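Let me begin by presenting the structure, written as structure tokens, before commenting on it.
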Amino acid sequence: MIRPGEIWKDHAGQPINAHGGSILFYKGVYYWFGEIKSGRTWRVEGINSWEDYRVNAGGVSCYSSKDLLDWKFLGTALSPDRKDSSSDLHISKVIERPKVIFNKTTHQFVMWMHIDRQDYSYAKAGVAVSTSPEGPYHYLGSVSPNGQMSRDMTVFQDEDGKAYLIYSSENNKTMQVCLLSDDYLKPTSLYRRILIGASREAPAMIKYNAKYFLLTSLCTGWDPNAALYAVADKPLSEWKLVDNPCKGKDGDSTYHSQSTYIQPIVGKLNRYIFMADRWNKTNLEDSRYVWLPLYFINGKPVIEWRKEWSPLQ
Ligand code: GAL
């Protein structure tokens, strides 16, 4: 069973370390990627306007599962750099929210992620590639899409093979959606400013009944707040913020967590896993996973709390 908010152990009995994560479904197997957060948490000195708690950047982990319950650790998919302090991947930097998609034309697995400095003033999107899902991923570098800032981000792969980078931009005030190149390795010049001035982050996108849905949180650092979903006819058309999809008790704090990804349960119509992080800001390694069922009722996404549940039932 999935027990949201409780310690979740992998197949070998170790707590799963895959924060701000995402899932890739490839050839009958689910691959879960996430931030490795381990060791001491400290607060960065000299930053008083927000609570900049951090751990050393630990790279990106990869786990696999066929049933979404029993996860096997496959290793570090993207390793941090322990030596070169000028590298984007140096342990002193920020490597967050890794998202992986498979490109059918190039046969490459493409990982996008948020790359930053410890004060979050760098605001870039990093990209890495691999020929196998679990890696190792080869880091290609980071970009400011069309010269724009990019912090919390996700990627969305559409049925037509097009993929989009969705990111908090303009100092987290406005999000942007940018079409990626056909090989998924670069932003194109086609992008749109969305949710203008709404200060949204932690994006997660899905498509349902020919409409596109984007779940986001408000910007309150590691502290939870109420989620909102937005809807659009196309990724690059106008987005409208609609409502909080989280129902019942603690729905106004996203059950004390923050969105990171929405994974369709393959083979089940209208069944998704809403994946969120319950950050423990003073001990980030002990941040927990809140995975809950998401489904649509009358065309609207609904998320409900479950103490325990099984996605395949
Ligand atoms: C949150 C963001 C997290 C992390 C954190 C750092 O707003 O969603 O991914 O960047 O800030 O304080």
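Going through the structure tokens in order, the chains are called A, B, and so on, while each chain numbers its residues from 1 and the ligands are numbered from 1 in the order shown.
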Within 10 Å of Ala163 in chain A using only C-alpha atoms, minus same-chain residues under 4 positions, as a ChimeraX atom specification: /A:101,103,155-159,178-184,187,235
Go ahead and save the picked residues with C-alpha atoms, as a short mmCIF file (atom, residue, chain, number, x, y, z; two decimals), in the first residue's frame.
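File produced: out-v7.cif:
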data_model
loop_
_atom_site.label_atom_id
_atom_site.label_comp_id
_atom_site.auth_asym_id
_atom_site.auth_seq_id
_atom_site.Cartn_x
_atom_site.Cartn_y
_atom_site.Cartn_z
CA ILE A 101 11.04 11.94 -21.18
CA ASN A 103 12.53 10.79 -27.50
CA VAL A 155 8.25 18.84 -18.76
CA PHE A 156 5.18 17.66 -20.59
CA GLN A 157 5.25 15.29 -23.56
CA ASP A 158 2.18 15.48 -25.73
CA GLU A 159 0.63 12.65 -27.78
CA CYS A 178 8.13 26.81 -24.01
CA LEU A 179 8.09 24.32 -26.87
CA LEU A 180 11.24 22.16 -26.90
CA SER A 181 13.15 21.33 -30.08
CA ASP A 182 12.27 18.03 -31.78
CA ASP A 183 15.18 16.29 -30.03
CA TYR A 184 13.95 17.76 -26.69
CA PRO A 187 14.04 25.44 -25.88
CA PRO A 235 -0.08 24.02 -24.00
#
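Near ligand 1, at a distance of at most 7 Å and with only C-alpha atoms and all ligand atoms counted, sit the residues Gly20, Glu51, Asp52, Tyr53, Glu96, Arg97, Asp152, Glu201, Ala202, Cys219, Thr220, Gly221 and Trp222 of chain A.
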For Gly141 in chain A, work out the shell of residues within 8 Å, counting only C-alpha atoms and skipping chain neighbours fewer than 6 positions away, then give it as an mmCIF file with N, CA and C atoms, in the first residue's frame.
data_model
loop_
_atom_site.group_PDB
_atom_site.id
_atom_site.type_symbol
_atom_site.label_atom_id
_atom_site.label_comp_id
_atom_site.auth_asym_id
_atom_site.auth_seq_id
_atom_site.Cartn_x
_atom_site.Cartn_y
_atom_site.Cartn_z
ATOM 1 N N ASP A 88 27.790 23.320 -12.808
ATOM 2 C CA ASP A 88 26.366 23.407 -12.442
ATOM 3 C C ASP A 88 25.998 22.296 -11.457
ATOM 4 N N GLY A 126 18.515 22.896 -16.598
ATOM 5 C CA GLY A 126 19.615 22.038 -17.030
ATOM 6 C C GLY A 126 19.074 20.859 -17.809
ATOM 7 N N VAL A 127 19.914 20.304 -18.694
ATOM 8 C CA VAL A 127 19.466 19.151 -19.488
ATOM 9 C C VAL A 127 20.581 18.108 -19.564
ATOM 10 N N ALA A 128 20.157 16.841 -19.499
ATOM 11 C CA ALA A 128 21.112 15.728 -19.546
ATOM 12 C C ALA A 128 20.489 14.612 -20.378
#
Nearest to Lys240 in chain A, chosen from A:Tyr272, A:Lys207, A:Ile194, A:Phe33, with only C-alpha atoms counted in the distances: A:Ile194
Selected residue, from A:Pro4, A:Lys93, A:Ala77, A:Tyr31, that lies nearest to Ser64 in chain A when counting only C-alpha atoms: A:Tyr31
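Counting only C-alpha atoms, the residue from A:Val94, A:Ile16, A:Val129, A:Ile265 that sits nearest to His107 in chain A is A:Val129.
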Would you kindly return, as a tab-separated table (two decimals) with all heavy atoms, in the first residue's frame, each protein, DNA or RNA residue with an atom no farther than 10 Å from any atom of Thr131 in chain A, considering only C-alpha atoms and excluding same-chain residues fewer than 2 positions away?
chain	number	residue	atom	x	y	z
A	102	PHE	N	11.25	10.33	-22.96
A	102	PHE	CA	11.96	9.54	-23.97
A	102	PHE	C	11.66	10.09	-25.35
A	102	PHE	O	10.50	10.34	-25.69
A	102	PHE	CB	11.49	8.08	-23.87
A	102	PHE	CG	12.11	7.19	-24.92
A	102	PHE	CD1	13.48	6.98	-24.95
A	102	PHE	CD2	11.32	6.57	-25.89
A	102	PHE	CE1	14.07	6.16	-25.92
A	102	PHE	CE2	11.89	5.75	-26.86
A	102	PHE	CZ	13.26	5.55	-26.88
A	106	THR	N	15.24	10.07	-31.51
A	106	THR	CA	16.69	9.97	-31.23
A	106	THR	C	17.00	8.78	-30.32
A	106	THR	O	18.17	8.47	-30.08
A	106	THR	CB	17.19	11.25	-30.53
A	106	THR	OG1	16.51	11.36	-29.27
A	106	THR	CG2	16.92	12.49	-31.35
A	107	HIS	N	15.95	8.14	-29.79
A	107	HIS	CA	16.11	7.03	-28.83
A	107	HIS	C	16.92	7.45	-27.60
A	107	HIS	O	17.65	6.65	-27.04
A	107	HIS	CB	16.76	5.81	-29.51
A	107	HIS	CG	15.93	5.28	-30.63
A	107	HIS	ND1	14.83	4.48	-30.43
A	107	HIS	CD2	16.02	5.49	-31.96
A	107	HIS	CE1	14.29	4.21	-31.60
A	107	HIS	NE2	14.99	4.82	-32.55
A	108	GLN	N	16.78	8.71	-27.23
A	108	GLN	CA	17.47	9.19	-26.04
A	108	GLN	C	16.48	9.51	-24.93
A	108	GLN	O	15.38	9.99	-25.20
A	108	GLN	CB	18.25	10.46	-26.37
A	108	GLN	CG	19.58	10.18	-27.04
A	108	GLN	CD	20.39	11.46	-27.20
A	108	GLN	OE1	19.82	12.52	-27.51
A	108	GLN	NE2	21.68	11.38	-27.00
A	109	PHE	N	16.91	9.25	-23.72
A	109	PHE	CA	16.15	9.68	-22.54
A	109	PHE	C	16.69	11.06	-22.18
A	109	PHE	O	17.90	11.25	-22.09
A	109	PHE	CB	16.35	8.68	-21.39
A	109	PHE	CG	15.81	7.33	-21.74
A	109	PHE	CD1	16.59	6.41	-22.45
A	109	PHE	CD2	14.50	7.00	-21.43
A	109	PHE	CE1	16.08	5.18	-22.81
A	109	PHE	CE2	13.97	5.77	-21.80
A	109	PHE	CZ	14.76	4.85	-22.49
A	110	VAL	N	15.78	12.00	-22.03
A	110	VAL	CA	16.19	13.39	-21.81
A	110	VAL	C	15.70	13.85	-20.44
A	110	VAL	O	14.51	13.76	-20.15
A	110	VAL	CB	15.62	14.31	-22.91
A	110	VAL	CG1	16.05	15.76	-22.70
A	110	VAL	CG2	16.05	13.82	-24.30
A	129	VAL	N	21.33	13.76	-20.98
A	129	VAL	CA	20.80	12.67	-21.82
A	129	VAL	C	21.43	11.33	-21.47
A	129	VAL	O	22.54	11.27	-20.94
A	129	VAL	CB	21.06	12.91	-23.33
A	129	VAL	CG1	20.18	13.98	-23.87
A	129	VAL	CG2	22.52	13.18	-23.61
A	133	PRO	N	17.18	4.18	-19.59
A	133	PRO	CA	16.35	5.00	-18.69
A	133	PRO	C	17.04	5.31	-17.35
A	133	PRO	O	16.92	6.43	-16.85
A	133	PRO	CB	15.09	4.14	-18.48
A	133	PRO	CG	15.40	2.79	-19.04
A	133	PRO	CD	16.50	2.95	-20.02
A	134	GLU	N	17.75	4.33	-16.82
A	134	GLU	CA	18.32	4.53	-15.47
A	134	GLU	C	19.62	5.33	-15.48
A	134	GLU	O	20.17	5.63	-14.45
A	134	GLU	CB	18.52	3.19	-14.77
A	134	GLU	CG	19.64	2.33	-15.31
A	134	GLU	CD	19.22	1.45	-16.47
A	134	GLU	OE1	18.20	1.75	-17.14
A	134	GLU	OE2	19.92	0.46	-16.74
A	135	GLY	N	20.12	5.66	-16.68
A	135	GLY	CA	21.35	6.43	-16.78
A	135	GLY	C	22.56	5.51	-16.92
A	135	GLY	O	22.38	4.32	-17.22
A	136	PRO	N	23.79	6.02	-16.74
A	136	PRO	CA	24.08	7.37	-16.28
A	136	PRO	C	23.75	8.44	-17.33
A	136	PRO	O	23.94	8.22	-18.52
A	136	PRO	CB	25.60	7.32	-16.01
A	136	PRO	CG	26.11	6.20	-16.86
A	136	PRO	CD	25.00	5.20	-16.96
A	137	TYR	N	23.26	9.57	-16.85
A	137	TYR	CA	22.93	10.70	-17.71
A	137	TYR	C	24.16	11.59	-17.88
A	137	TYR	O	24.91	11.83	-16.93
A	137	TYR	CB	21.76	11.51	-17.12
A	137	TYR	CG	20.45	10.80	-17.37
A	137	TYR	CD1	20.10	9.69	-16.60
A	137	TYR	CD2	19.61	11.19	-18.39
A	137	TYR	CE1	18.92	9.00	-16.84
A	137	TYR	CE2	18.42	10.51	-18.65
A	137	TYR	CZ	18.08	9.41	-17.87
A	137	TYR	OH	16.93	8.73	-18.12
A	138	HIS	N	24.32	12.04	-19.12
A	138	HIS	CA	25.43	12.92	-19.46
A	138	HIS	C	24.90	14.36	-19.50
A	138	HIS	O	23.97	14.66	-20.26
A	138	HIS	CB	25.98	12.47	-20.83
A	138	HIS	CG	26.93	13.43	-21.43
A	138	HIS	ND1	28.16	13.71	-20.86
A	138	HIS	CD2	26.85	14.20	-22.55
A	138	HIS	CE1	28.77	14.62	-21.59
A	138	HIS	NE2	27.99	14.93	-22.62
All strand (DSSP E or B) residues (DSSP, backbone) inside range 127-270 of chain A, as an MDAnalysis selection string: chainID A and resid 127:130 138:143 153:157 163:169 174:180 187:194 200:208 211:218 228:232 240:243 246 258:264
